[in-house]
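Report on the structure given below.
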Amino acid sequence: MIRKPVDTGDPHRLYTVTGGRSRVDDDTFDLVTLIVAECEPTPGMQSEHARILGLCRHPTAVVEISAEVGLPVTVVRILLGDLLATGRITARRPRAGRTVASPADSAFLKEVLHGLHAL
């Protein structure tokens, strides 16, 4: 397999796409945040925004969007922030896993132990 160099795009183009912004103000979007489009693209919408809405008809991770549109994750996060601010997308963060010491896990392990003893 031959690896191709990652094309981060022309810096002038990225500057134009993001309106001169270089970072997101908050941490709403991590790499695995699922994005769901709440509407269809509209005429006159920025092409990158329209493409993201088209990709996100079904829940799609931020990292997948970045790969599909061919833009760096940082740029995609800025574009997603625009869409979120206008209500065109919903962001779903993954649930945090339970800790090993939680009571539910202990009860489950006891049941497994009793089941193994019963064998």
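Residue numbering restarts at 1 for every chain of the structure tokens, chains are lettered A, B, ... in their displayed order, and ligands are numbered from 1 as they appear.
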
Can you tell me, as a list in words, what residues are no more than 10 Å from Arg92 (chain A) when counting only C-alpha atoms, ignoring any on the same chain fewer than 5 positions away?
Thr28, Phe29, Val32, Thr33, Leu34, Ile35, Val36, Pro59, Thr60 and Ala61 of chain A

Expected answer as a list in words: strand (DSSP E) residues in region 3-118 of chain A:
Leu34, Ile35, Val36, Ala37, Thr60, Ala61, Ile89, Thr90, Ala91 and Arg92 of chain A

Run DSSP on the backbone and tell me which residues of region 2-100 of chain A come out as alpha helix (DSSP H); list them as an MDAnalysis selection string.
chainID A and resid 11:17 47:55 62:69 73:85

Write a file of the just-selected residues containing N, CA and C atoms, as a CSV table (one decimal), in the first residue's frame.
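Listing of part.csv after writing:
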chain,number,residue,atom,x,y,z
A,11,PRO,N,-3.6,27.2,2.1
A,11,PRO,CA,-3.9,28.1,3.3
A,11,PRO,C,-4.9,29.2,3.0
A,12,HIS,N,-4.8,29.8,1.8
A,12,HIS,CA,-5.7,30.9,1.5
A,12,HIS,C,-7.1,30.4,1.4
A,13,ARG,N,-7.3,29.2,0.8
A,13,ARG,CA,-8.6,28.7,0.7
A,13,ARG,C,-9.2,28.4,2.0
A,14,LEU,N,-8.4,27.8,2.9
A,14,LEU,CA,-8.9,27.4,4.3
A,14,LEU,C,-9.3,28.7,5.0
A,15,TYR,N,-8.5,29.7,4.8
A,15,TYR,CA,-8.8,31.0,5.5
A,15,TYR,C,-10.1,31.6,5.0
A,16,THR,N,-10.4,31.4,3.7
A,16,THR,CA,-11.7,31.9,3.1
A,16,THR,C,-12.8,31.0,3.6
A,17,VAL,N,-12.6,29.7,3.6
A,17,VAL,CA,-13.7,28.8,4.0
A,17,VAL,C,-14.2,29.1,5.5
A,47,SER,N,-20.7,26.0,0.1
A,47,SER,CA,-20.7,24.6,-0.4
A,47,SER,C,-20.2,23.6,0.6
A,48,GLU,N,-19.3,24.0,1.5
A,48,GLU,CA,-18.8,23.1,2.5
A,48,GLU,C,-19.9,22.8,3.5
A,49,HIS,N,-20.7,23.8,3.9
A,49,HIS,CA,-21.8,23.6,4.8
A,49,HIS,C,-22.8,22.7,4.2
A,50,ALA,N,-23.1,22.9,2.9
A,50,ALA,CA,-24.1,22.0,2.2
A,50,ALA,C,-23.6,20.6,2.1
A,51,ARG,N,-22.3,20.4,1.9
A,51,ARG,CA,-21.7,19.1,1.8
A,51,ARG,C,-21.8,18.3,3.1
A,52,ILE,N,-21.5,19.1,4.2
A,52,ILE,CA,-21.6,18.5,5.6
A,52,ILE,C,-23.1,18.1,5.9
A,53,LEU,N,-24.0,18.9,5.5
A,53,LEU,CA,-25.4,18.6,5.8
A,53,LEU,C,-25.8,17.3,5.0
A,54,GLY,N,-25.3,17.2,3.8
A,54,GLY,CA,-25.6,16.0,2.9
A,54,GLY,C,-25.0,14.8,3.5
A,55,LEU,N,-23.8,14.9,4.1
A,55,LEU,CA,-23.2,13.7,4.7
A,55,LEU,C,-23.8,13.3,6.0
A,62,VAL,N,-17.3,13.4,13.6
A,62,VAL,CA,-16.6,14.5,13.1
A,62,VAL,C,-15.4,14.1,12.3
A,63,VAL,N,-14.6,13.1,12.8
A,63,VAL,CA,-13.5,12.6,12.0
A,63,VAL,C,-13.8,12.1,10.6
A,64,GLU,N,-15.0,11.4,10.5
A,64,GLU,CA,-15.5,10.9,9.3
A,64,GLU,C,-15.8,12.1,8.3
A,65,ILE,N,-16.5,13.1,8.9
A,65,ILE,CA,-16.8,14.3,8.1
A,65,ILE,C,-15.5,14.9,7.5
A,66,SER,N,-14.5,15.0,8.3
A,66,SER,CA,-13.3,15.6,7.9
A,66,SER,C,-12.7,14.8,6.8
A,67,ALA,N,-12.7,13.5,6.9
A,67,ALA,CA,-12.1,12.7,5.8
A,67,ALA,C,-12.9,12.8,4.5
A,68,GLU,N,-14.2,12.8,4.6
A,68,GLU,CA,-15.1,12.9,3.4
A,68,GLU,C,-15.0,14.2,2.7
A,69,VAL,N,-14.9,15.3,3.4
A,69,VAL,CA,-14.9,16.6,2.8
A,69,VAL,C,-13.4,17.0,2.4
A,73,VAL,N,-9.5,18.6,10.5
A,73,VAL,CA,-10.5,18.5,11.5
A,73,VAL,C,-10.8,19.9,12.1
A,74,THR,N,-9.8,20.7,12.3
A,74,THR,CA,-9.9,22.1,12.9
A,74,THR,C,-10.9,22.9,12.0
A,75,VAL,N,-10.7,22.8,10.7
A,75,VAL,CA,-11.6,23.6,9.8
A,75,VAL,C,-13.0,23.0,9.9
A,76,VAL,N,-13.2,21.7,9.9
A,76,VAL,CA,-14.5,21.1,10.0
A,76,VAL,C,-15.2,21.5,11.3
A,77,ARG,N,-14.4,21.6,12.4
A,77,ARG,CA,-15.0,22.0,13.7
A,77,ARG,C,-15.6,23.4,13.6
A,78,ILE,N,-14.9,24.3,12.9
A,78,ILE,CA,-15.3,25.7,12.8
A,78,ILE,C,-16.6,25.7,12.0
A,79,LEU,N,-16.7,24.9,10.9
A,79,LEU,CA,-17.9,24.9,10.0
A,79,LEU,C,-19.0,24.3,10.8
A,80,LEU,N,-18.8,23.2,11.6
A,80,LEU,CA,-19.8,22.6,12.4
A,80,LEU,C,-20.4,23.6,13.4
A,81,GLY,N,-19.5,24.4,14.0
A,81,GLY,CA,-19.9,25.4,14.9
A,81,GLY,C,-20.9,26.4,14.3
A,82,ASP,N,-20.6,26.8,13.0
A,82,ASP,CA,-21.6,27.6,12.3
A,82,ASP,C,-22.9,27.0,12.1
A,83,LEU,N,-22.9,25.7,11.7
A,83,LEU,CA,-24.2,25.0,11.5
A,83,LEU,C,-24.9,24.8,12.8
A,84,LEU,N,-24.2,24.5,13.9
A,84,LEU,CA,-24.9,24.3,15.2
A,84,LEU,C,-25.5,25.6,15.7
A,85,ALA,N,-24.8,26.7,15.5
A,85,ALA,CA,-25.3,28.0,15.9
A,85,ALA,C,-26.6,28.4,15.2

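The closest residue to Ile89 (chain A), picked from A:Asp105, A:His114, A:Cys56, A:Glu38 and counting only C-alpha atoms, is A:Glu38.
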
From the list A:Leu71, A:His58, A:Phe108, A:Asp30, the nearest residue to Pro94 (chain A) using only C-alpha atoms is A:Asp30
